[in-house]
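Participant: One structure, pasted below without further comment.
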Amino acid sequence: MNNFTGRKKDAAPLEEAFQELLKAYRLEGKFREKSLIHDWSSLVGKTIGDRTQSVFIRDKKLFVKITSGPVKREIQMNKSKILRLIEERYGVDVIEDLVCL
């Protein structure tokens, strides 16, 4: 009997259990917000990520403090594209707007 066959089957129930736990404690939204903040640099790329000083969410708005004027303009021009990416990866109800500081 192979010990590895059972482990793969355990992974899916563990993920499902985690999702159920988030739902039960109504933490799904907060978890997705924290994931988005953590993943910001990988979502927008190294150039923008390197020029991002801080990222936070308040009242379903994603606030991003950028240290470069040209990068800030680039984000503002591609705002709808970035919001679409966020919706695809984290869900429709996580962020409603993106604000550059």
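Quick note on naming: the chains in the structure tokens go A, B, ... in the order shown, residues restart at 1 in each chain, and ligands are numbered from 1 in order of appearance.
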Report as a list in words: the residues of range 3-99 of chain A with a DSSP assignment of strand (DSSP E or B), based on the backbone of this structure.
Facilitator: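 So, restricting range 3-99 of chain A to strand (DSSP E or B), we get Thr52, Gln53, Ser54, Val55, Phe56, Ile57, Arg58, Lys61, Leu62, Phe63, Val64, Lys65, Ile66, Asp97, Leu98 and Val99 of chain A.
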Participant: Those residues with C-alpha atoms, as an mmCIF file, in the first residue's frame please?
Facilitator:
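Result went into selection-v2.cif, see below:
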```
data_model
loop_
_atom_site.group_PDB
_atom_site.id
_atom_site.type_symbol
_atom_site.label_atom_id
_atom_site.label_comp_id
_atom_site.auth_asym_id
_atom_site.auth_seq_id
_atom_site.Cartn_x
_atom_site.Cartn_y
_atom_site.Cartn_z
ATOM 1 C CA THR A 52 4.647 50.888 -3.666
ATOM 2 C CA GLN A 53 5.216 52.269 -0.185
ATOM 3 C CA SER A 54 2.036 50.952 1.443
ATOM 4 C CA VAL A 55 -1.211 49.154 0.645
ATOM 5 C CA PHE A 56 -4.329 49.055 2.800
ATOM 6 C CA ILE A 57 -8.075 48.599 2.477
ATOM 7 C CA ARG A 58 -10.750 50.743 4.074
ATOM 8 C CA LYS A 61 -11.431 50.841 -1.227
ATOM 9 C CA LEU A 62 -7.872 49.752 -1.950
ATOM 10 C CA PHE A 63 -5.457 52.546 -1.070
ATOM 11 C CA VAL A 64 -2.006 52.328 -2.627
ATOM 12 C CA LYS A 65 0.766 54.793 -1.755
ATOM 13 C CA ILE A 66 3.127 55.079 -4.715
ATOM 14 C CA ASP A 97 -12.422 51.244 -5.904
ATOM 15 C CA LEU A 98 -8.675 51.829 -6.185
ATOM 16 C CA VAL A 99 -7.159 55.042 -4.808
#
```
Participant: I'd like the contact shell of range 24-32 of chain A - 12 Å cut-off, only C-alpha atoms, skipping same-chain residues fewer than 2 positions apart - returned as a PyMOL selection string.
Facilitator: chain A and resi 17-22+34-40+56-60+86-95
Participant: Please extract the residues of chain A with a backbone DSSP assignment of alpha helix (DSSP H) and present them as a PyMOL selection string.
Facilitator: chain A and resi 4-24+28-44+46-50+69-77+79-90
Participant: I'd like the contact shell of Ser68 in chain A - 8 Å cut-off, only C-alpha atoms, skipping same-chain residues fewer than 3 positions apart - returned as a PyMOL selection string.
Facilitator: chain A and resi 51+71-72
Participant: Counting only C-alpha atoms, which of A:Glu33, A:Cys100, A:Ser41, A:Lys23 gets nearest to Asn78 in chain A?
Facilitator: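 Counting only C-alpha atoms, the residue closest to Asn78 in chain A is A:Cys100.
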Participant: Would you work out the distance separating CA of Val44 in chain A from CA of Glu15 in chain A, expressed in Å to one decimal?
Facilitator: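 Spanning CA of Val44 in chain A to CA of Glu15 in chain A is a straight-line distance of 26.4 Å.
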Participant: One number please: CA of Gly49 in chain A to CA of Thr67 in chain A, in Å, one decimal.
Facilitator: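 Atom-to-atom, CA of Gly49 in chain A to CA of Thr67 in chain A, that is 10.3 Å.
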Participant: Using Å and a single decimal, report how far CA of Gly69 in chain A sits from CA of Thr47 in chain A.
Facilitator: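 A separation of 12.8 Å between them.
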Participant: Which residue is closest to Gly45 in chain A? Choose from A:Ile82, A:Met77, A:Leu101, A:Leu14 and count only C-alpha atoms.
Facilitator: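 Selected residue with least distance to Gly45 in chain A: A:Ile82.
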